[in-house]
$ cat protein_0.txt   # compact mmCIF, C-alpha atoms
# COMPACT_ATOMS: atom_id res chain seq x y z
CA LEU A 25 117.14 108.45 116.15
CA VAL A 26 118.47 112.01 116.27
CA GLU A 27 122.06 111.35 117.41
CA THR A 28 124.39 108.32 117.36
CA HIS A 29 127.41 109.76 119.19
CA PRO A 30 128.00 107.71 122.38
CA ALA A 31 128.50 110.91 124.42
CA ALA A 32 125.14 112.40 123.42
CA LYS A 33 122.64 113.25 126.13
CA GLY A 34 119.22 114.88 125.89
CA THR A 35 118.96 117.27 128.84
CA GLY A 36 116.77 119.93 127.20
CA SER A 37 113.11 119.24 126.52
CA PRO A 38 111.99 119.05 122.88
CA THR A 39 109.87 122.02 121.74
CA TYR A 40 106.71 121.57 119.67
CA TYR A 41 105.47 124.16 117.16
CA ASP A 42 103.22 123.99 114.10
CA GLY A 43 103.45 120.26 113.44
CA ARG A 44 107.15 119.90 114.18
CA VAL A 45 109.21 118.85 117.18
CA TYR A 46 112.61 120.49 117.68
CA VAL A 47 115.02 118.28 119.63
CA PRO A 48 118.19 119.74 121.23
CA MET A 49 121.21 117.59 122.01
CA ALA A 50 124.01 117.98 124.56
CA GLY A 51 127.18 115.93 125.06
CA LEU A 52 127.23 115.29 128.77
CA ASN A 53 129.84 112.55 128.92
CA GLU A 54 132.60 113.67 126.58
CA GLU A 55 133.87 116.69 128.49
CA ALA A 56 134.25 114.41 131.51
CA GLN A 57 136.05 111.62 129.60
CA GLY A 58 138.12 113.81 127.35
CA SER A 59 140.91 114.18 129.89
CA ARG A 60 141.41 110.39 130.01
CA GLU A 61 144.72 109.54 128.40
CA THR A 62 143.19 106.73 126.34
CA TYR A 63 140.23 108.72 124.96
CA GLU A 64 140.39 110.29 121.50
CA CYS A 65 139.07 113.72 122.47
CA CYS A 66 136.81 115.15 121.13
CA THR A 67 134.21 114.68 118.39
CA PHE A 68 130.75 115.50 119.78
CA ARG A 69 128.90 118.56 118.45
CA GLY A 70 125.66 120.01 119.77
CA SER A 71 122.67 120.02 117.44
CA VAL A 72 118.99 120.66 116.85
CA THR A 73 116.92 118.14 114.87
CA ALA A 74 113.49 119.03 113.45
CA LEU A 75 111.06 116.12 113.25
CA ASP A 76 107.60 115.74 111.79
CA ALA A 77 105.41 115.48 114.89
CA SER A 78 103.03 112.97 113.25
CA THR A 79 105.54 110.56 111.71
CA GLY A 80 108.88 111.23 113.42
CA ALA A 81 110.52 111.78 110.03
CA LYS A 82 113.62 113.98 110.14
CA ILE A 83 113.16 117.30 108.34
CA TRP A 84 116.55 118.87 109.11
CA LYS A 85 119.47 118.69 111.49
CA THR A 86 121.81 121.59 112.28
CA TYR A 87 125.03 121.32 114.25
CA THR A 88 126.05 124.19 116.50
CA ILE A 89 129.62 123.75 115.24
CA THR A 90 129.46 123.72 111.45
CA GLU A 91 133.02 122.42 110.98
CA GLU A 92 133.46 118.66 111.33
CA PRO A 93 136.12 117.52 113.85
CA LYS A 94 139.57 117.07 112.33
CA LYS A 95 142.74 115.37 113.53
CA ARG A 96 144.67 117.84 115.72
CA GLY A 97 147.71 115.85 116.73
CA VAL A 98 148.76 112.86 118.78
CA THR A 99 149.30 112.85 122.53
CA ALA A 100 152.45 111.66 124.29
CA LYS A 101 150.66 108.33 124.78
CA GLY A 102 150.07 108.03 121.03
CA VAL A 103 146.34 108.80 121.20
CA GLN A 104 144.75 110.78 118.38
CA ALA A 105 143.22 114.16 119.32
CA TRP A 106 140.28 115.73 117.46
CA GLY A 107 138.51 119.09 117.28
CA PRO A 108 136.65 121.37 117.23
CA ALA A 109 133.95 119.87 119.44
CA GLY A 110 131.33 120.78 122.04
CA ALA A 111 128.77 123.59 122.10
CA GLY A 112 126.03 121.28 123.33
CA ILE A 113 122.49 122.57 123.86
CA TRP A 114 121.45 121.92 127.46
CA SER A 115 117.97 123.49 127.38
CA ALA A 116 114.78 123.63 125.31
CA PRO A 117 114.67 125.72 122.11
CA THR A 118 112.61 128.94 122.16
CA ILE A 119 110.22 129.62 119.26
CA ASP A 120 109.86 133.08 117.68
CA ALA A 121 106.82 132.69 115.43
CA ARG A 122 106.91 136.27 114.15
CA ARG A 123 110.49 136.03 112.87
CA HIS A 124 110.07 132.33 112.02
CA VAL A 125 113.19 131.29 113.92
CA LEU A 126 114.09 129.29 116.98
CA TYR A 127 116.67 130.33 119.57
CA VAL A 128 119.03 128.03 121.43
CA SER A 129 121.85 128.67 123.86
CA THR A 130 125.07 126.67 123.72
CA GLY A 131 127.62 125.24 126.08
CA ASN A 132 131.41 125.47 126.06
CA GLY A 133 133.76 123.92 123.55
CA TYR A 134 135.39 120.59 124.39
CA ALA A 135 138.40 120.73 122.07
CA ASP A 136 140.42 123.39 120.26
CA PRO A 137 140.12 125.48 118.23
CA PRO A 138 137.64 127.77 120.11
CA GLN A 139 134.43 128.41 118.16
CA PRO A 140 132.25 131.53 117.75
CA THR A 141 129.14 129.37 118.28
CA SER A 142 130.03 128.05 121.75
CA ASP A 143 128.83 129.96 124.86
CA ALA A 144 126.36 131.70 122.58
CA VAL A 145 122.75 132.35 121.60
CA ILE A 146 121.98 131.07 118.10
CA ALA A 147 118.97 131.85 115.87
CA MET A 148 117.96 129.14 113.35
CA ASP A 149 115.42 129.27 110.53
CA LEU A 150 112.40 127.11 111.40
CA ASP A 151 111.95 125.73 107.89
CA LYS A 152 115.51 124.83 106.95
CA GLY A 153 117.57 125.00 110.14
CA THR A 154 120.02 127.48 108.64
CA ILE A 155 121.81 129.65 111.18
CA LYS A 156 120.57 133.24 110.88
CA TRP A 157 122.82 134.81 113.51
CA VAL A 158 125.05 134.08 116.49
CA GLU A 159 125.68 136.27 119.54
CA GLN A 160 128.49 135.38 121.93
CA PRO A 161 128.15 138.03 124.67
CA GLY A 162 130.70 136.60 127.10
CA VAL A 163 133.65 134.27 126.70
CA ARG A 164 134.76 132.11 123.78
CA GLU A 165 136.20 129.12 125.56
CA VAL A 166 137.24 125.50 125.53
CA TRP A 167 136.90 123.68 128.84
CA MET A 168 137.78 120.08 129.67
CA MET A 169 137.50 118.39 133.04
CA GLY A 170 140.87 117.45 134.51
CA CYS A 171 142.96 119.79 132.36
CA LYS A 172 145.40 122.39 133.66
CA PRO A 173 144.99 126.17 133.12
CA GLU A 174 147.50 125.94 130.24
CA ASN A 175 148.37 122.77 128.31
CA PRO A 176 151.24 123.29 125.84
CA GLY A 177 152.10 120.20 123.84
CA ASN A 178 149.00 118.32 125.00
CA PRO A 179 146.35 118.29 122.25
CA ARG A 180 144.05 116.22 124.47
CA CYS A 181 143.37 119.41 126.48
CA PRO A 182 142.71 123.00 125.36
CA ALA A 183 145.83 125.13 124.96
CA LYS A 184 144.20 127.51 127.46
CA GLN A 185 141.52 126.19 129.78
CA GLY A 186 138.34 128.31 129.87
CA PRO A 187 136.32 129.15 133.00
CA ASP A 188 133.36 126.90 132.05
CA HIS A 189 131.05 129.93 131.87
CA ASP A 190 128.65 128.74 129.20
CA PHE A 191 124.84 128.84 128.88
CA SER A 192 122.49 126.18 130.24
CA ALA A 193 119.18 128.10 130.21
CA SER A 194 116.69 128.66 127.41
CA PRO A 195 116.56 132.20 125.97
CA MET A 196 113.41 134.02 127.16
CA LEU A 197 111.56 135.98 124.46
CA THR A 198 109.56 138.82 126.01
CA LYS A 199 108.66 142.49 125.45
CA THR A 200 109.86 145.80 126.82
CA SER A 201 107.51 148.48 128.12
CA THR A 202 107.30 149.92 124.59
CA GLY A 203 106.27 146.59 123.07
CA LYS A 204 109.65 145.82 121.50
CA ASP A 205 110.83 142.21 121.59
CA ILE A 206 113.88 141.35 123.66
CA LEU A 207 115.71 138.10 124.48
CA LEU A 208 116.83 137.56 128.08
CA ILE A 209 119.25 134.92 129.33
CA GLN A 210 121.61 134.24 132.23
CA SER A 211 125.01 132.60 131.90
CA LYS A 212 126.88 130.34 134.30
CA SER A 213 129.25 133.27 134.65
CA GLY A 214 126.56 135.03 136.70
CA MET A 215 125.97 137.57 133.93
CA ALA A 216 122.44 138.17 132.62
CA TYR A 217 121.94 139.71 129.18
CA GLY A 218 119.26 141.49 127.20
CA LEU A 219 119.65 140.88 123.45
CA ASP A 220 117.94 142.50 120.46
CA PRO A 221 116.47 139.88 118.06
CA ASP A 222 116.05 142.56 115.36
CA LYS A 223 119.79 143.35 115.41
CA ASN A 224 121.22 139.83 115.19
CA GLY A 225 121.19 139.44 118.96
CA ALA A 226 123.15 142.61 119.69
CA LYS A 227 123.59 143.19 123.41
CA VAL A 228 121.13 145.74 124.85
CA TRP A 229 122.18 145.46 128.47
CA GLU A 230 124.05 143.25 130.91
CA TYR A 231 123.69 142.73 134.65
CA LYS A 232 125.85 140.79 137.11
CA THR A 233 123.70 138.52 139.28
CA SER A 234 126.65 136.83 141.01
CA ASN A 235 130.29 135.87 140.55
CA GLY A 236 129.30 132.63 138.82
CA SER A 237 131.31 129.43 138.45
CA GLY A 238 131.51 126.21 136.51
CA LEU A 239 128.74 124.98 138.80
CA GLY A 240 126.91 128.28 138.54
CA GLY A 241 124.56 126.97 135.89
CA GLN A 242 121.08 128.41 135.80
CA TRP A 243 118.19 126.50 134.25
CA GLY A 244 116.25 129.66 133.54
CA GLY A 245 114.87 132.94 134.84
CA THR A 246 111.34 134.25 134.50
CA VAL A 247 109.49 137.46 133.63
CA ASP A 248 106.29 139.02 134.94
CA GLY A 249 105.73 141.70 132.28
CA LYS A 250 107.85 144.38 133.94
CA LEU A 251 110.65 142.53 135.68
CA ALA A 252 113.05 139.74 134.83
CA ILE A 253 113.95 137.60 137.83
CA PHE A 254 117.01 135.36 138.07
CA GLY A 255 118.02 132.79 140.65
CA VAL A 256 121.56 132.60 142.02
CA ASN A 257 123.10 129.15 142.04
CA GLY A 258 126.69 129.86 143.13
CA THR A 259 127.30 126.30 144.30
CA LEU A 260 131.05 126.90 144.66
CA SER A 261 130.74 130.31 146.33
CA LYS A 262 130.63 131.14 150.03
CA THR A 263 127.13 132.62 149.69
CA PRO A 264 125.10 130.47 147.27
CA GLY A 265 121.46 131.22 146.59
CA GLY A 266 119.26 134.29 146.37
CA MET A 267 117.26 136.09 143.69
CA ARG A 268 117.73 139.26 141.64
CA ALA A 269 115.05 141.28 139.85
CA VAL A 270 115.83 143.78 137.08
CA LYS A 271 113.87 145.97 134.69
CA ILE A 272 113.26 144.18 131.40
CA ASP A 273 114.00 147.36 129.44
CA THR A 274 117.38 148.25 130.92
CA GLY A 275 118.68 145.52 133.23
CA GLU A 276 118.61 147.98 136.11
CA GLU A 277 118.32 146.22 139.47
CA VAL A 278 114.96 146.64 141.22
CA TRP A 279 115.47 144.31 144.16
CA SER A 280 117.89 141.68 145.42
CA LYS A 281 117.25 138.96 147.98
CA PRO A 282 119.83 136.77 149.74
CA ALA A 283 119.24 133.06 150.18
CA GLU A 284 116.74 131.90 152.77
CA ALA A 285 117.89 129.83 155.75
CA LYS A 286 118.54 126.21 154.78
CA LEU A 287 115.86 123.79 155.97
CA CYS A 288 118.27 120.86 155.79
CA GLY A 289 120.81 122.29 158.24
CA ASP A 290 124.40 121.16 157.81
CA ALA A 291 123.67 117.76 156.32
CA ARG A 292 125.99 116.59 153.57
CA GLY A 293 124.81 117.89 150.22
CA CYS A 294 122.55 120.49 151.80
CA SER A 295 122.73 123.70 149.77
CA SER A 296 120.85 126.97 149.52
CA ALA A 297 121.88 127.37 145.87
CA GLN A 298 118.96 128.32 143.62
CA GLY A 299 119.77 126.97 140.18
CA ALA A 300 116.36 125.67 139.14
CA ALA A 301 114.17 127.44 136.59
CA LEU A 302 111.96 130.11 138.15
CA THR A 303 108.19 130.51 137.80
CA ALA A 304 106.24 133.77 138.10
CA VAL A 305 102.53 134.29 138.74
CA PRO A 306 100.96 137.71 139.39
CA GLY A 307 102.69 139.16 142.44
CA ILE A 308 104.82 136.11 143.31
CA VAL A 309 107.95 134.38 142.01
CA PHE A 310 108.92 130.81 142.92
CA SER A 311 112.53 129.55 143.00
CA GLY A 312 113.58 126.07 144.10
CA SER A 313 116.78 125.63 146.11
CA GLY A 314 119.17 122.73 146.50
$ encode --input "protein_0.txt" --output "structure tokens"
Amino acid sequence: LVETHPAAKGTGSPTYYDGRVYVPMAGLNEEAQGSRETYECCTFRGSVTALDASTGAKIWKTYTITEEPKKRGVTAKGVQAWGPAGAGIWSAPTIDARRHVLYVSTGNGYADPPQPTSDAVIAMDLDKGTIKWVEQPGVREVWMMGCKPENPGNPRCPAKQGPDHDFSASPMLTKTSTGKDILLIQSKSGMAYGLDPDKNGAKVWEYKTSNGSGLGGQWGGTVDGKLAIFGVNGTLSKTPGGMRAVKIDTGEEVWSKPAEAKLCGDARGCSSAQGAALTAVPGIVFSGSG
């Protein structure tokens, strides 16, 4: 048992390495229930748990928000509010054997105060789970379904509602043309980033794939040795779907493709959005659409 919180949900696959299984945890239900007047929002925190692959014994557990939730006030209905909370991990951890760390990306905060570890890429020591560094290249936000843009006097909601532009994809560890390691990841904001793992995740480049949205989540790009390719979800935009390819070294755009014609016509739920993880083989990239 890696998590007892009733809002916990395992959306990211566990990652196996060297006799251990690393299990990420997200909190799918709490950011949807937190706006309910009767719910004591919010107490879930994202985490990674390291297990012995042979026995299932827990070796360590690290929360993405190190501070435990505290009482933040009482709502007009007399319901206790809590925080900070959130920063769930929606995708599988990425192993860096040479640096002996794993990388995860985190979701948005659910409750104030905003945290430096939400909407971020985090490096954790493989042996102990200690956080080595955190890079938050975009927003630092708290987002809660059903809340207004600003919520003065309502501790159940964030004081200022964020855009829900967090990470849902796994960081991709690859190499530049000179053999230097680089981490690549795309955010729900539509921004893709190149990060330097030797400089605590410092931003090397950024590239705008699309305008992004709260439903702009990407489950992962792909690389082919020279290019990084990202799908465009854009579910809430007028032109969802498409792919963008950039140079791994610089983030410079090499090609851009609009969405293909929808095979499902105008049926309800039919979408050309391309939010699924991509796959590359020599000369070809595959991207599933909605």
$ atom_distance --input "protein_0.txt" --atom1 "atom CA of Glu27 of chain A" --atom2 "atom CA of Leu302 of chain A"
29.7 Å
$ residues_around --input "protein_0.txt" --residues "segment 186-189 of chain A" --least-positions-apart "6" --cutoff "9 Å" --atoms "only C-alpha atoms" --output "list in words"
Gly131, Asn132, Gly133, Asp143, Gly162, Val163, Arg164, Glu165, Val166, Trp167, Met168, Pro173, Ser211, Lys212, Ser213, Gly214, Gly236, Ser237, Gly238, Leu239, Gly240 and Gly241 of chain A
$ residues_near_point --input "protein_0.txt" --point "(140.9, 121.2, 134.1)" --cutoff "12 Å" --atoms "all atoms listed in the file" --output "number ranges by chain"
A: 55-60, 134, 166-175, 180-188, 238
$ write_last_selection --input "protein_0.txt" --atoms "C-alpha atoms" --output "PDB file, keeping the file's coordinate frame"
ATOM      1  CA  GLU A  55     133.870 116.690 128.490  1.00  0.00           C
ATOM      2  CA  ALA A  56     134.250 114.410 131.510  1.00  0.00           C
ATOM      3  CA  GLN A  57     136.050 111.620 129.600  1.00  0.00           C
ATOM      4  CA  GLY A  58     138.120 113.810 127.350  1.00  0.00           C
ATOM      5  CA  SER A  59     140.910 114.180 129.890  1.00  0.00           C
ATOM      6  CA  ARG A  60     141.410 110.390 130.010  1.00  0.00           C
ATOM      7  CA  TYR A 134     135.390 120.590 124.390  1.00  0.00           C
ATOM      8  CA  VAL A 166     137.240 125.500 125.530  1.00  0.00           C
ATOM      9  CA  TRP A 167     136.900 123.680 128.840  1.00  0.00           C
ATOM     10  CA  MET A 168     137.780 120.080 129.670  1.00  0.00           C
ATOM     11  CA  MET A 169     137.500 118.390 133.040  1.00  0.00           C
ATOM     12  CA  GLY A 170     140.870 117.450 134.510  1.00  0.00           C
ATOM     13  CA  CYS A 171     142.960 119.790 132.360  1.00  0.00           C
ATOM     14  CA  LYS A 172     145.400 122.390 133.660  1.00  0.00           C
ATOM     15  CA  PRO A 173     144.990 126.170 133.120  1.00  0.00           C
ATOM     16  CA  GLU A 174     147.500 125.940 130.240  1.00  0.00           C
ATOM     17  CA  ASN A 175     148.370 122.770 128.310  1.00  0.00           C
ATOM     18  CA  ARG A 180     144.050 116.220 124.470  1.00  0.00           C
ATOM     19  CA  CYS A 181     143.370 119.410 126.480  1.00  0.00           C
ATOM     20  CA  PRO A 182     142.710 123.000 125.360  1.00  0.00           C
ATOM     21  CA  ALA A 183     145.830 125.130 124.960  1.00  0.00           C
ATOM     22  CA  LYS A 184     144.200 127.510 127.460  1.00  0.00           C
ATOM     23  CA  GLN A 185     141.520 126.190 129.780  1.00  0.00           C
ATOM     24  CA  GLY A 186     138.340 128.310 129.870  1.00  0.00           C
ATOM     25  CA  PRO A 187     136.320 129.150 133.000  1.00  0.00           C
ATOM     26  CA  ASP A 188     133.360 126.900 132.050  1.00  0.00           C
ATOM     27  CA  GLY A 238     131.510 126.210 136.510  1.00  0.00           C
TER      28      GLY A 238
END
$ closest_residue --input "protein_0.txt" --among "A:Asn257, A:Tyr41, A:Ser201, A:Asn53" --to "His124 of chain A" --atoms "all atoms listed in the file"
A:Tyr41
$ atom_distance --input "protein_0.txt" --atom1 "atom CA of Ala81 of chain A" --atom2 "atom CA of Met148 of chain A"
19.2 Å
$ axis_aligned_box --input "protein_0.txt" --around "segment 280-297 of chain A" --padding-each-side "4 Å" --output "lines of an AutoDock Vina configuration file"
center_x = 120.9
center_y = 129.1
center_z = 151.8
size_x = 18.1
size_y = 33.1
size_z = 20.8
$ atom_distance --input "protein_0.txt" --atom1 "atom CA of Glu54 of chain A" --atom2 "atom CA of Pro108 of chain A"
12.8 Å
$ residues_around --input "protein_0.txt" --residues "Ala116 of chain A" --least-positions-apart "2" --cutoff "7 Å" --atoms "all atoms listed in the file" --output "PyMOL selection string"
chain A and resi 36-39+48+118+194
$ closest_residue --input "protein_0.txt" --among "A:Gly153, A:Pro179, A:Gly97, A:Gly80" --to "Ala135 of chain A" --atoms "all atoms listed in the file"
A:Pro179
$ closest_residue --input "protein_0.txt" --among "A:Glu159, A:Pro176, A:Gly255, A:Thr28" --to "Tyr217 of chain A" --atoms "all atoms listed in the file"
A:Glu159
$ residues_around --input "protein_0.txt" --residues "Trp279 of chain A" --least-positions-apart "4" --cutoff "9 Å" --atoms "all atoms listed in the file" --output "PyMOL selection string"
chain A and resi 267-270
$ residues_around --input "protein_0.txt" --residues "segment 306-309 of chain A" --least-positions-apart "2" --cutoff "9 Å" --atoms "all atoms listed in the file" --output "ChimeraX atom specification"
/A:246,248,253,302-304,311
$ closest_residue --input "protein_0.txt" --among "A:Lys156, A:Ala297, A:Pro137, A:Gly225" --to "Glu284 of chain A" --atoms "all atoms listed in the file"
A:Ala297
$ residues_around --input "protein_0.txt" --residues "Lys271 of chain A" --least-positions-apart "6" --cutoff "10 Å" --atoms "all atoms listed in the file" --output "list in words"
Thr200, Ser201, Val247, Gly249, Lys250, Leu251, Ala252, Ile253, Glu277, Val278 and Trp279 of chain A
$ closest_residue --input "protein_0.txt" --among "A:Leu150, A:Ala226, A:Ala105, A:Ile119" --to "Gly177 of chain A" --atoms "all atoms listed in the file"
A:Ala105
$ closest_residue --input "protein_0.txt" --among "A:Ala285, A:Ile113, A:Leu52, A:Ala147" --to "Ala32 of chain A" --atoms "only C-alpha atoms"
A:Leu52
